[in-house]
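Visitor: The structure's right below; bear with me while I get my questions together.
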Number of protein chains: 2
Amino acid sequence: MSPRRPDPTTRAALIETAARLLSEEGPRALSTRRVATETGCSTMAVYTHFGSMNDLVREIAREGFARLETYLTSLDTTDDPVADMAVLGRLYRHNAMTNAHLYEVMFGGSSLSGFQLTDEDRQYGRYTLANVVHCAQRCIAAGRFPAGDAELVAHQMWTTVHGIASLELGRYLVEPCTGDRLFESQLVGLMVSVGDEGGAAAGSVEVSAKRFAELVGAENSGCASARAPSIALRARPQSPPATAGRCPQDGLDLADASAKFSPSGD
Amino acid sequence: MSPRRPDPTTRAALIETAARLLSEEGPRALSTRRVATETGCSTMAVYTHFGSMNDLVREIAREGFARLETYLTSLDTTDDPVADMAVLGRLYRHNAMTNAHLYEVMFGGSSLSGFQLTDEDRQYGRYTLANVVHCAQRCIAAGRFPAGDAELVAHQMWTTVHGIASLELGRYLVEPCTGDRLFESQLVGLMVSVGDEGGAAAGSVEVSAKRFAELVGAENSGCASARAPSIALRARPQSPPATAGRCPQDGLDLADASAKFSPSGD
DNA sequence: TTTCGTAGCACAACAGCGTTATGGAACGCC
DNA sequence: GGCGTTCCATAACGCTGTTGTGCTACGAAA
């Protein structure tokens with residue numbers, strides 16, 4: 001009574017291939033056969049490791065959330081929490097644009113093809129908001145926002161930035177109301193609407209622009225792998241991947257995020 | 001030199017069937033064969049009338065925009081333009097929830113399945129914003145909003161409400177930050193952030209809630225066809241459909257919105 | 001070390017998909 | 001009536017996700 005174990009590198013490689021295909025060639029390239037062929041195994045491996053193609057896509061969505069989390073936690077806090085909040089918003093949007101196809105899988109709805117996330121996946125994604133909630137608490141503690149529900153403030157931040165990012169990805173925002181222009185005005189307006197004073201909000205948002213530019217600049221010139229971040233290395237936390245150790249890409253520790261993938265349960 | 005004409009009723013019936021399948025059974029049910037079978041014709045009819053399945057879906061997206069337009073133009077203006085604006089926001093969200101699958105096709109991105117809208121489709125959709133722009137101008141004229149770019153204000157309105165609706169449809173908004181709660185707070189916050197005074201904004205939003213409730217109530221009990229609005233009757237504007245004349249469903253007059261559907265151009 | 005049960009996974013097949021080649025039938029003009 | 005043109009039904013093509021079948025590699029027990 002000791003069966004053969006599945007190859008963990010195959011699992012990671014499948015996610016890696018799938019996410020790469022999605023990024024490079026878009027949704028149409030995401031087929032079981034294509035992923036299996038490019039990974040160098042048969043389509044059965046997908047069903048052994050994930051249960052179905054849908055579950056592979058779900059895993060890609062989780063990879064997308066992990067990337068977002070990486071962005072949002074890459075920010076050092078300062079004594080201007082509102083500026084920190086604005087940088088978080090910029091990082092969120094930057095992640096959406098950089099990983100556009102992943103973002104659409106995360107938040108694009110099933111939108112044909114019948115693909116669906118589970119409640120667990122969404123819960124996993126919502127956890128990313130914890131960073132924003134914490135920042136909102138700091139804004140309140142600093143007296144910039146009135147005492148209130150930090151989680152509500154974080155959600156207002158989220159829905160607003162997502163609304164712009166979503167329509168931007170859908171190519172709905174064109175001249176003269178571009179995503180950039182809308183984002184800047186919304187950023188200030190949002191801080192004001194949740195209670196910050198107008199001048200202070202504008203100042204913090206301006207500060208955030210510089211800090212964000214530095215962050216993105218460092219991303220593009222610093223760590224070599226940051227430009228084309230490797231995927232799926234977090235797939236099996238207990239097995240140290242051979243390609244690890246170049247960037248703090250894994251080790252996210254998102255609560256009980258290491259879900260099971262038992263193909264039996266549909 | 002006088003070829004056989006395509007049957008216009010077949011074209012409308014195909015759209016009708018496709019939109020119904022999308023509403024009743026979701027994206028998975030949207031297949032060429034299924035639509036053709038339920039309509040009572042062969043799959044070739046789809047290619048004769050639309051060119052491809054993708055073009056049929058695009059037509060459904062346009063139907064979605066037409067429904068949105070119908071909602072937004074159903075509103076009578078009052079001497080409280082900010083309340084009018086808030087009602088527009090409520091109607092927008094109501095339409096997104098009522099026609100969820102249509103809304104996802106319109107704004108859900110391709111998100112797998114490789115389906116894509118064209119620039120023309122999006123332009124058609126953006127035209128719906130004209131109602132909101134006009135309302136923003138009235139807010140400025142009434143002195144509620146400071147002089148500024150009404151189009152920008154309308155876009156801020158749009159991205160904000162869309163952000164909530166999108167995440168709500170994706171089931172990302174759960175207790176304690178539900179879509180309802182977020183929507184109400186964002187509505188007031190939005191009016192404040194674009195320049196309205198806090199108390200006046202809250203008052204107008206409160207007024208809008210009542211007016212919206214009456215509108216939705218009238219929709220469900222008034223005109224018989226409003227409950228399950230018939231689709232695709234606007235498909236061929238020049239041919240007066242036999243079932244017309246019950247509700248102001250057509251006659252949108254959206255600029256040069258009557259596009260050609262020549263299958264030749266890919 | 002040999003044995004053996006379990007499970008990974010390759011191969012091939014299935015139903016369904018979007019799309020297209022083929023050809024008969026219907027239509028509007030000469 | 002003849003004719004040119006186009007609609008559209010049938011059947012086929014290559015693709016998809018998924019699943020049966022069976023070989024084989026593995027790991028613990030003997």
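Here, A, B, ... name the chains of the structure tokens in the order displayed, residue numbers run from 1 inside each chain, and ligands are numbered from 1 in the same displayed order.
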Mind the document's chain letters and residue numbers, and return as number ranges by chain the residues of stretch 43-167 of chain B that DSSP labels helix (DSSP H, G or I).
Guide: B: 44-49, 53-73, 81-98, 100-107, 119-141, 150-167
Visitor: Could I get the residues of chain B with an atom no further than 12 Å from an atom of chain D, each paired with its nearest atom pair and that distance in Å to one decimal, using only C-alpha atoms (C1' of nucleotides), sorted by chain and residue number, as CSV?
Guide:
residue,atom,partner,partner_atom,distance
B:Met1,CA,D:DG4,C1',5.6
B:Ser2,CA,D:DT5,C1',6.1
B:Pro3,CA,D:DT5,C1',4.0
B:Arg4,CA,D:DT6,C1',4.9
B:Arg5,CA,D:DT6,C1',6.9
B:Pro6,CA,D:DC7,C1',6.1
B:Asp7,CA,D:DC7,C1',8.3
B:Pro8,CA,D:DC7,C1',11.6
B:Thr10,CA,D:DC7,C1',11.1
B:Ala36,CA,D:DC8,C1',11.6
B:Gly40,CA,D:DA9,C1',11.4
B:Cys41,CA,D:DC8,C1',8.2
B:Ser42,CA,D:DA9,C1',6.3
B:Thr43,CA,D:DC8,C1',8.6
B:Met44,CA,D:DC8,C1',6.0
B:Ala45,CA,D:DC8,C1',6.1
B:Val46,CA,D:DC8,C1',9.7
B:Tyr47,CA,D:DC8,C1',9.6
B:Thr48,CA,D:DC7,C1',7.5
B:His49,CA,D:DC7,C1',9.8
B:Ser113,CA,D:DT16,C1',11.0
Visitor: Only C-alpha atoms, please: the residues just picked out, written as a PDB file, in the first residue's frame.
Guide:
ATOM      1  CA  MET B   1     -28.898  40.317 -61.291  1.00  0.00           C
ATOM      2  CA  SER B   2     -31.232  40.111 -58.340  1.00  0.00           C
ATOM      3  CA  PRO B   3     -30.267  37.664 -55.682  1.00  0.00           C
ATOM      4  CA  ARG B   4     -32.308  36.030 -53.050  1.00  0.00           C
ATOM      5  CA  ARG B   5     -32.681  38.139 -49.897  1.00  0.00           C
ATOM      6  CA  PRO B   6     -31.880  36.791 -46.450  1.00  0.00           C
ATOM      7  CA  ASP B   7     -34.819  36.330 -44.159  1.00  0.00           C
ATOM      8  CA  PRO B   8     -34.750  39.245 -41.682  1.00  0.00           C
ATOM      9  CA  THR B  10     -34.217  34.627 -39.099  1.00  0.00           C
ATOM     10  CA  ALA B  36     -29.252  27.277 -34.706  1.00  0.00           C
ATOM     11  CA  GLY B  40     -34.997  26.107 -36.187  1.00  0.00           C
ATOM     12  CA  CYS B  41     -32.369  26.613 -38.821  1.00  0.00           C
ATOM     13  CA  SER B  42     -28.922  25.313 -39.644  1.00  0.00           C
ATOM     14  CA  THR B  43     -25.641  26.697 -38.423  1.00  0.00           C
ATOM     15  CA  MET B  44     -25.028  28.199 -41.838  1.00  0.00           C
ATOM     16  CA  ALA B  45     -27.643  30.828 -41.108  1.00  0.00           C
ATOM     17  CA  VAL B  46     -25.347  32.228 -38.440  1.00  0.00           C
ATOM     18  CA  TYR B  47     -22.608  32.707 -41.015  1.00  0.00           C
ATOM     19  CA  THR B  48     -24.958  34.166 -43.571  1.00  0.00           C
ATOM     20  CA  HIS B  49     -26.350  36.771 -41.205  1.00  0.00           C
ATOM     21  CA  SER B 113     -12.771  31.807 -25.259  1.00  0.00           C
TER      22      SER B 113
END
Visitor: Compute the chain B side of the contact with chain A at 6 Å, counting only C-alpha atoms, and hand it back as a list in words.
Guide: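 Output check: Pro27, Arg28, Glu104, Val105, Gly108, Gly109, Ser111, Leu112, Ser113, Gly114, Thr159, Thr160, His162, Gly163, Ile164, Gly170, Gly189 and Ser193 of chain B.
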Visitor: Please, could you write that set of residues out with all heavy atoms as a short mmCIF file (atom, residue, chain, number, x, y, z; two decimals), in the first residue's frame?
Guide:
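Full text of part_21.cif as output:
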data_model
loop_
_atom_site.label_atom_id
_atom_site.label_comp_id
_atom_site.auth_asym_id
_atom_site.auth_seq_id
_atom_site.Cartn_x
_atom_site.Cartn_y
_atom_site.Cartn_z
N PRO B 27 -23.15 31.21 -20.25
CA PRO B 27 -22.26 31.26 -21.40
C PRO B 27 -22.06 29.91 -22.09
O PRO B 27 -21.88 29.87 -23.30
CB PRO B 27 -20.93 31.74 -20.81
CG PRO B 27 -21.29 32.38 -19.51
CD PRO B 27 -22.48 31.64 -19.02
N ARG B 28 -22.09 28.83 -21.32
CA ARG B 28 -21.82 27.51 -21.90
C ARG B 28 -22.85 27.14 -22.97
O ARG B 28 -22.56 26.34 -23.87
CB ARG B 28 -21.84 26.45 -20.80
CG ARG B 28 -20.70 26.56 -19.81
CD ARG B 28 -20.21 25.19 -19.40
NE ARG B 28 -19.32 24.64 -20.36
CZ ARG B 28 -18.07 24.28 -20.12
NH1 ARG B 28 -17.57 24.45 -18.91
NH2 ARG B 28 -17.31 23.76 -21.05
N GLU B 104 -21.68 41.04 -18.64
CA GLU B 104 -20.36 40.42 -18.67
C GLU B 104 -19.82 40.34 -20.08
O GLU B 104 -18.62 40.45 -20.30
CB GLU B 104 -20.43 39.02 -18.04
CG GLU B 104 -20.59 39.07 -16.54
CD GLU B 104 -20.42 37.71 -15.89
OE1 GLU B 104 -20.42 36.70 -16.62
OE2 GLU B 104 -20.31 37.66 -14.66
N VAL B 105 -20.69 40.15 -21.03
CA VAL B 105 -20.23 40.15 -22.42
C VAL B 105 -19.78 41.56 -22.82
O VAL B 105 -18.78 41.74 -23.52
CB VAL B 105 -21.34 39.67 -23.37
CG1 VAL B 105 -20.95 39.89 -24.82
CG2 VAL B 105 -21.63 38.20 -23.13
N GLY B 108 -16.90 42.30 -19.64
CA GLY B 108 -16.15 41.25 -18.97
C GLY B 108 -14.81 40.93 -19.59
O GLY B 108 -14.13 40.03 -19.13
N GLY B 109 -14.42 41.67 -20.60
CA GLY B 109 -13.18 41.29 -21.28
C GLY B 109 -13.39 39.98 -21.99
O GLY B 109 -14.41 39.32 -21.83
N SER B 111 -11.57 37.30 -21.53
CA SER B 111 -11.52 36.33 -20.44
C SER B 111 -11.74 34.90 -20.89
O SER B 111 -12.72 34.28 -20.57
CB SER B 111 -12.54 36.69 -19.37
OG SER B 111 -12.41 35.84 -18.26
N LEU B 112 -10.82 34.36 -21.63
CA LEU B 112 -10.90 33.03 -22.21
C LEU B 112 -11.93 33.03 -23.35
O LEU B 112 -12.64 33.99 -23.53
CB LEU B 112 -11.28 31.98 -21.16
CG LEU B 112 -10.49 32.00 -19.87
CD1 LEU B 112 -10.73 30.71 -19.09
CD2 LEU B 112 -9.01 32.16 -20.12
N SER B 113 -11.88 31.98 -24.11
CA SER B 113 -12.77 31.81 -25.26
C SER B 113 -12.44 32.78 -26.38
O SER B 113 -12.99 32.70 -27.46
CB SER B 113 -14.24 31.96 -24.88
OG SER B 113 -14.64 33.31 -24.98
N GLY B 114 -11.53 33.71 -26.13
CA GLY B 114 -11.01 34.55 -27.20
C GLY B 114 -12.00 35.46 -27.89
O GLY B 114 -11.69 36.05 -28.91
N THR B 159 -16.91 54.74 -14.05
CA THR B 159 -15.91 53.79 -13.55
C THR B 159 -16.23 53.35 -12.13
O THR B 159 -16.02 52.18 -11.78
CB THR B 159 -14.50 54.43 -13.59
OG1 THR B 159 -14.51 55.62 -12.82
CG2 THR B 159 -14.09 54.73 -15.01
N THR B 160 -16.76 54.28 -11.34
CA THR B 160 -17.05 53.92 -9.95
C THR B 160 -18.19 52.90 -9.88
O THR B 160 -18.06 51.86 -9.22
CB THR B 160 -17.44 55.18 -9.15
OG1 THR B 160 -16.37 56.11 -9.20
CG2 THR B 160 -17.76 54.81 -7.71
N HIS B 162 -19.33 51.04 -12.27
CA HIS B 162 -18.92 49.80 -12.93
C HIS B 162 -18.03 48.95 -12.03
O HIS B 162 -18.15 47.73 -12.01
CB HIS B 162 -18.19 50.10 -14.24
CG HIS B 162 -17.45 48.92 -14.79
ND1 HIS B 162 -18.07 47.86 -15.40
CD2 HIS B 162 -16.11 48.60 -14.77
CE1 HIS B 162 -17.17 46.96 -15.76
NE2 HIS B 162 -15.98 47.38 -15.39
N GLY B 163 -17.14 49.60 -11.30
CA GLY B 163 -16.26 48.85 -10.41
C GLY B 163 -17.04 48.03 -9.41
O GLY B 163 -16.74 46.85 -9.17
N ILE B 164 -18.05 48.65 -8.84
CA ILE B 164 -18.89 47.92 -7.87
C ILE B 164 -19.67 46.82 -8.58
O ILE B 164 -19.68 45.66 -8.14
CB ILE B 164 -19.85 48.90 -7.16
CG1 ILE B 164 -19.06 49.88 -6.30
CG2 ILE B 164 -20.84 48.12 -6.30
CD1 ILE B 164 -19.91 50.95 -5.66
N GLY B 170 -18.99 39.36 -9.99
CA GLY B 170 -17.97 38.34 -9.78
C GLY B 170 -18.04 37.71 -8.40
O GLY B 170 -17.19 36.92 -8.04
N GLY B 189 -20.12 59.67 -1.59
CA GLY B 189 -18.72 60.05 -1.69
C GLY B 189 -18.36 60.60 -3.05
O GLY B 189 -17.59 61.56 -3.18
N SER B 193 -16.87 64.15 -3.92
CA SER B 193 -15.53 64.25 -4.50
C SER B 193 -15.52 65.06 -5.78
O SER B 193 -14.49 65.61 -6.16
CB SER B 193 -14.97 62.85 -4.76
OG SER B 193 -15.55 62.30 -5.91
#
Visitor: How would chain B read as a CSV table (one decimal) with C-alpha atoms, in the first residue's frame once least-squares superposed on chain A using all paired C-alpha atoms?
Guide:
chain,number,residue,atom,x,y,z
B,1,MET,CA,0.2,0.0,-0.1
B,2,SER,CA,2.5,2.7,-1.5
B,3,PRO,CA,1.5,4.2,-4.7
B,4,ARG,CA,3.5,6.1,-7.3
B,5,ARG,CA,3.8,9.8,-6.5
B,6,PRO,CA,3.0,12.4,-9.1
B,7,ASP,CA,5.9,14.4,-10.4
B,8,PRO,CA,5.7,17.8,-8.7
B,9,THR,CA,7.8,19.4,-11.4
B,10,THR,CA,5.2,18.4,-13.9
B,11,ARG,CA,2.5,20.2,-12.0
B,12,ALA,CA,4.6,23.4,-11.7
B,13,ALA,CA,5.6,23.1,-15.4
B,14,LEU,CA,1.9,22.9,-16.4
B,15,ILE,CA,1.0,26.1,-14.6
B,16,GLU,CA,4.1,27.8,-15.9
B,17,THR,CA,3.3,26.8,-19.5
B,18,ALA,CA,-0.4,27.8,-19.1
B,19,ALA,CA,0.3,31.2,-17.6
B,20,ARG,CA,2.9,31.8,-20.3
B,21,LEU,CA,0.5,30.9,-23.1
B,22,LEU,CA,-2.1,33.1,-21.6
B,23,SER,CA,0.3,36.0,-21.4
B,24,GLU,CA,1.9,35.6,-24.7
B,25,GLU,CA,-0.9,34.5,-27.0
B,26,GLY,CA,-4.1,35.3,-25.1
B,27,PRO,CA,-7.0,33.2,-24.0
B,28,ARG,CA,-7.4,31.2,-27.3
B,29,ALA,CA,-4.1,29.5,-26.7
B,30,LEU,CA,-5.2,28.0,-23.4
B,31,SER,CA,-6.2,24.5,-24.4
B,32,THR,CA,-5.5,21.2,-22.7
B,33,ARG,CA,-3.7,19.8,-25.7
B,34,ARG,CA,-1.6,22.9,-26.2
B,35,VAL,CA,-0.5,23.2,-22.6
B,36,ALA,CA,0.3,19.5,-22.5
B,37,THR,CA,2.2,19.5,-25.7
B,38,GLU,CA,4.3,22.5,-24.8
B,39,THR,CA,5.0,21.1,-21.3
B,40,GLY,CA,6.1,17.8,-22.9
B,41,CYS,CA,3.5,15.5,-21.4
B,42,SER,CA,0.1,14.2,-22.4
B,43,THR,CA,-3.3,15.8,-21.6
B,44,MET,CA,-3.8,13.2,-18.9
B,45,ALA,CA,-1.3,14.9,-16.7
B,46,VAL,CA,-3.6,17.9,-16.5
B,47,TYR,CA,-6.3,15.6,-15.0
B,48,THR,CA,-4.0,13.9,-12.7
B,49,HIS,CA,-2.7,17.1,-11.2
B,50,PHE,CA,-5.7,19.4,-11.4
B,51,GLY,CA,-8.8,17.4,-12.2
B,52,SER,CA,-9.9,19.5,-15.1
B,53,MET,CA,-8.9,22.3,-17.3
B,54,ASN,CA,-11.1,24.6,-15.3
B,55,ASP,CA,-9.1,23.8,-12.2
B,56,LEU,CA,-5.9,24.6,-14.0
B,57,VAL,CA,-7.3,28.0,-14.9
B,58,ARG,CA,-8.3,28.5,-11.3
B,59,GLU,CA,-4.7,27.8,-10.3
B,60,ILE,CA,-3.6,30.5,-12.8
B,61,ALA,CA,-6.0,32.9,-11.1
B,62,ARG,CA,-4.4,32.1,-7.8
B,63,GLU,CA,-1.0,32.8,-9.4
B,64,GLY,CA,-2.5,36.2,-10.4
B,65,PHE,CA,-3.5,36.9,-6.9
B,66,ALA,CA,0.0,35.9,-5.7
B,67,ARG,CA,1.6,38.4,-8.1
B,68,LEU,CA,-0.8,41.1,-6.9
B,69,GLU,CA,0.1,40.3,-3.3
B,70,THR,CA,3.8,40.5,-4.2
B,71,TYR,CA,3.3,44.0,-5.6
B,72,LEU,CA,1.3,45.2,-2.6
B,73,THR,CA,3.7,43.9,0.0
B,74,SER,CA,6.7,45.3,-1.9
B,75,LEU,CA,5.8,48.7,-0.5
B,76,ASP,CA,7.6,50.1,2.6
B,77,THR,CA,5.4,52.2,4.9
B,78,THR,CA,6.1,55.8,5.5
B,79,ASP,CA,4.8,58.5,7.8
B,80,ASP,CA,2.4,59.6,5.1
B,81,PRO,CA,-0.2,56.7,5.1
B,82,VAL,CA,-2.4,58.4,2.6
B,83,ALA,CA,0.5,58.5,0.2
B,84,ASP,CA,1.1,54.9,1.0
B,85,MET,CA,-2.5,54.2,0.1
B,86,ALA,CA,-2.2,56.0,-3.2
B,87,VAL,CA,0.9,54.0,-4.0
B,88,LEU,CA,-1.0,50.8,-3.3
B,89,GLY,CA,-3.6,52.0,-5.7
B,90,ARG,CA,-1.0,52.6,-8.4
B,91,LEU,CA,0.6,49.2,-7.8
B,92,TYR,CA,-2.8,47.6,-8.1
B,93,ARG,CA,-3.4,49.2,-11.4
B,94,HIS,CA,0.2,48.5,-12.5
B,95,ASN,CA,-0.3,44.9,-11.8
B,96,ALA,CA,-3.6,44.8,-13.7
B,97,MET,CA,-1.9,46.3,-16.8
B,98,THR,CA,1.3,44.2,-16.5
B,99,ASN,CA,-0.6,40.9,-16.0
B,100,ALA,CA,-3.6,41.9,-18.1
B,101,HIS,CA,-4.7,38.3,-19.0
B,102,LEU,CA,-4.2,37.1,-15.5
B,103,TYR,CA,-6.3,40.0,-14.2
B,104,GLU,CA,-9.1,39.2,-16.6
B,105,VAL,CA,-9.2,35.6,-15.4
B,106,MET,CA,-9.3,36.8,-11.8
B,107,PHE,CA,-12.0,39.4,-12.2
B,108,GLY,CA,-13.3,39.1,-15.8
B,109,GLY,CA,-16.2,37.0,-14.8
B,110,SER,CA,-16.8,33.8,-16.7
B,111,SER,CA,-17.9,35.8,-19.8
B,112,LEU,CA,-18.4,32.8,-22.1
B,113,SER,CA,-16.4,29.6,-22.1
B,114,GLY,CA,-18.2,28.8,-18.8
B,115,PHE,CA,-15.1,29.0,-16.7
B,116,GLN,CA,-15.7,29.6,-13.0
B,117,LEU,CA,-13.8,30.4,-9.9
B,118,THR,CA,-14.9,28.9,-6.5
B,119,ASP,CA,-15.7,30.7,-3.3
B,120,GLU,CA,-12.4,29.5,-2.0
B,121,ASP,CA,-10.5,31.2,-4.8
B,122,ARG,CA,-12.3,34.4,-4.3
B,123,GLN,CA,-11.6,34.3,-0.6
B,124,TYR,CA,-8.0,33.8,-1.4
B,125,GLY,CA,-8.1,36.8,-3.6
B,126,ARG,CA,-9.9,39.0,-1.1
B,127,TYR,CA,-7.1,38.3,1.3
B,128,THR,CA,-4.9,40.5,-0.7
B,129,LEU,CA,-7.0,43.4,0.5
B,130,ALA,CA,-5.6,42.9,4.0
B,131,ASN,CA,-2.7,45.1,2.9
B,132,VAL,CA,-5.1,47.9,2.0
B,133,VAL,CA,-7.1,47.5,5.2
B,134,HIS,CA,-4.0,47.8,7.2
B,135,CYS,CA,-3.1,51.0,5.4
B,136,ALA,CA,-6.5,52.5,5.9
B,137,GLN,CA,-6.1,51.8,9.6
B,138,ARG,CA,-2.9,53.8,9.6
B,139,CYS,CA,-4.6,56.6,7.8
B,140,ILE,CA,-7.3,56.7,10.6
B,141,ALA,CA,-4.6,56.4,13.3
B,142,ALA,CA,-2.8,59.3,11.7
B,143,GLY,CA,-5.9,61.5,11.8
B,144,ARG,CA,-6.1,61.8,8.1
B,145,PHE,CA,-9.3,59.8,7.8
B,146,PRO,CA,-12.0,60.1,10.4
B,147,ALA,CA,-12.6,57.1,12.7
B,148,GLY,CA,-14.6,54.5,10.8
B,149,ASP,CA,-14.6,51.2,9.1
B,150,ALA,CA,-11.2,50.6,7.6
B,151,GLU,CA,-12.4,47.6,5.8
B,152,LEU,CA,-15.1,49.7,4.1
B,153,VAL,CA,-12.5,52.3,3.1
B,154,ALA,CA,-10.3,49.6,1.6
B,155,HIS,CA,-13.2,48.2,-0.4
B,156,GLN,CA,-14.0,51.7,-1.7
B,157,MET,CA,-10.4,51.9,-2.8
B,158,TRP,CA,-10.6,48.5,-4.4
B,159,THR,CA,-13.8,49.0,-6.3
B,160,THR,CA,-12.8,52.4,-7.6
B,161,VAL,CA,-9.4,51.3,-8.9
B,162,HIS,CA,-10.8,48.1,-10.2
B,163,GLY,CA,-13.5,50.0,-12.1
B,164,ILE,CA,-10.9,52.0,-13.9
B,165,ALA,CA,-8.6,49.1,-14.5
B,166,SER,CA,-11.4,46.9,-15.8
B,167,LEU,CA,-12.7,49.4,-18.3
B,168,GLU,CA,-9.1,50.3,-19.2
B,169,LEU,CA,-8.4,46.7,-20.0
B,170,GLY,CA,-11.6,46.5,-22.0
B,171,ARG,CA,-10.4,49.5,-24.1
B,172,TYR,CA,-13.3,51.6,-23.0
B,173,LEU,CA,-11.3,54.5,-21.8
B,174,VAL,CA,-10.0,56.7,-24.7
B,175,GLU,CA,-9.2,60.3,-25.2
B,176,PRO,CA,-10.0,62.6,-23.7
B,177,CYS,CA,-10.9,60.5,-20.7
B,178,THR,CA,-8.0,58.2,-20.6
B,179,GLY,CA,-7.2,55.7,-17.8
B,180,ASP,CA,-4.3,57.9,-16.6
B,181,ARG,CA,-6.4,61.0,-16.3
B,182,LEU,CA,-9.3,59.3,-14.6
B,183,PHE,CA,-7.0,57.5,-12.2
B,184,GLU,CA,-5.3,60.6,-11.1
B,185,SER,CA,-8.5,62.5,-10.5
B,186,GLN,CA,-10.2,59.6,-8.8
B,187,LEU,CA,-7.2,59.0,-6.5
B,188,VAL,CA,-7.6,62.5,-5.1
B,189,GLY,CA,-11.3,62.4,-5.1
B,190,LEU,CA,-11.3,59.1,-3.3
B,191,MET,CA,-9.1,60.3,-0.5
B,192,VAL,CA,-11.4,63.4,-0.1
B,193,SER,CA,-14.5,61.4,-0.2
B,194,VAL,CA,-13.4,59.1,2.7
B,195,GLY,CA,-12.5,62.1,4.8
B,196,ASP,CA,-9.0,63.5,3.9
B,197,GLU,CA,-8.6,67.3,3.5
B,198,GLY,CA,-8.4,68.4,-0.1
B,199,GLY,CA,-5.0,70.0,-0.1
B,200,ALA,CA,-3.4,67.2,2.0
B,201,ALA,CA,-4.9,64.6,-0.3
B,202,ALA,CA,-3.6,66.2,-3.4
B,203,GLY,CA,-0.2,66.5,-1.8
B,204,SER,CA,0.0,62.9,-0.8
B,205,VAL,CA,-1.2,61.7,-4.2
B,206,GLU,CA,1.5,63.8,-5.8
B,207,VAL,CA,4.1,62.3,-3.5
B,208,SER,CA,2.8,58.8,-4.3
B,209,ALA,CA,3.4,59.4,-8.0
B,210,LYS,CA,7.1,59.9,-7.5
B,211,ARG,CA,7.4,57.0,-5.1
B,212,PHE,CA,5.6,54.7,-7.6
B,213,ALA,CA,7.8,55.8,-10.4
B,214,GLU,CA,10.9,54.8,-8.4
B,215,LEU,CA,9.3,51.5,-7.5
B,216,VAL,CA,8.6,50.6,-11.1
B,217,GLY,CA,12.0,51.9,-12.2
B,218,ALA,CA,13.6,49.6,-9.7
B,219,GLU,CA,11.5,46.8,-10.9
B,220,ASN,CA,12.7,47.1,-14.4
B,221,SER,CA,16.3,47.6,-13.7
B,222,GLY,CA,16.9,45.9,-10.4
B,223,CYS,CA,16.2,42.3,-9.7
B,224,ALA,CA,16.7,40.4,-12.9
B,225,SER,CA,13.7,38.2,-12.6
B,226,ALA,CA,11.3,41.0,-11.9
B,227,ARG,CA,11.0,41.9,-15.5
B,228,ALA,CA,9.6,38.5,-16.5
B,229,PRO,CA,8.6,37.0,-13.2
B,230,SER,CA,8.7,33.3,-13.1
B,231,ILE,CA,5.4,31.6,-12.4
B,232,ALA,CA,4.2,28.8,-10.3
B,233,LEU,CA,7.2,28.5,-8.1
B,234,ARG,CA,4.9,28.7,-5.2
B,235,ALA,CA,2.8,25.8,-6.4
B,236,ARG,CA,3.9,23.4,-3.7
B,237,PRO,CA,4.9,25.4,-0.7
B,238,GLN,CA,6.4,22.5,1.2
B,239,SER,CA,8.9,21.7,-1.5
B,240,PRO,CA,11.6,24.3,-1.8
B,241,PRO,CA,11.9,24.9,-5.5
B,242,ALA,CA,15.4,24.7,-7.0
B,243,THR,CA,15.0,28.1,-8.6
B,244,ALA,CA,14.0,29.9,-5.4
B,245,GLY,CA,16.0,32.5,-3.6
B,246,ARG,CA,16.1,35.3,-6.1
B,247,CYS,CA,13.1,37.4,-5.1
B,248,PRO,CA,10.6,37.3,-2.3
B,249,GLN,CA,8.1,35.7,-4.6
B,250,ASP,CA,6.8,33.1,-2.3
B,251,GLY,CA,6.2,33.0,1.5
B,252,LEU,CA,2.9,34.8,1.2
B,253,ASP,CA,1.3,33.1,4.2
B,254,LEU,CA,-2.2,33.9,3.2
B,255,ALA,CA,-4.1,32.2,6.0
B,256,ASP,CA,-5.1,28.7,5.0
B,257,ALA,CA,-4.5,29.4,1.4
B,258,SER,CA,-2.7,26.2,0.6
B,259,ALA,CA,-5.7,24.5,-0.8
B,260,LYS,CA,-6.1,20.9,-1.7
B,261,PHE,CA,-6.6,19.8,-5.2
B,262,SER,CA,-8.3,16.5,-5.0
B,263,PRO,CA,-9.8,15.8,-8.4
B,264,SER,CA,-12.5,13.6,-6.8
B,265,GLY,CA,-14.7,16.5,-5.7
B,266,ASP,CA,-15.7,17.6,-9.2
Visitor: Could you please tell me, as a ChimeraX atom specification, which residues of chain C have an atom within 7 Å of chain A when using only C-alpha atoms (C1' of nucleotides)?
Guide: /C:5-10
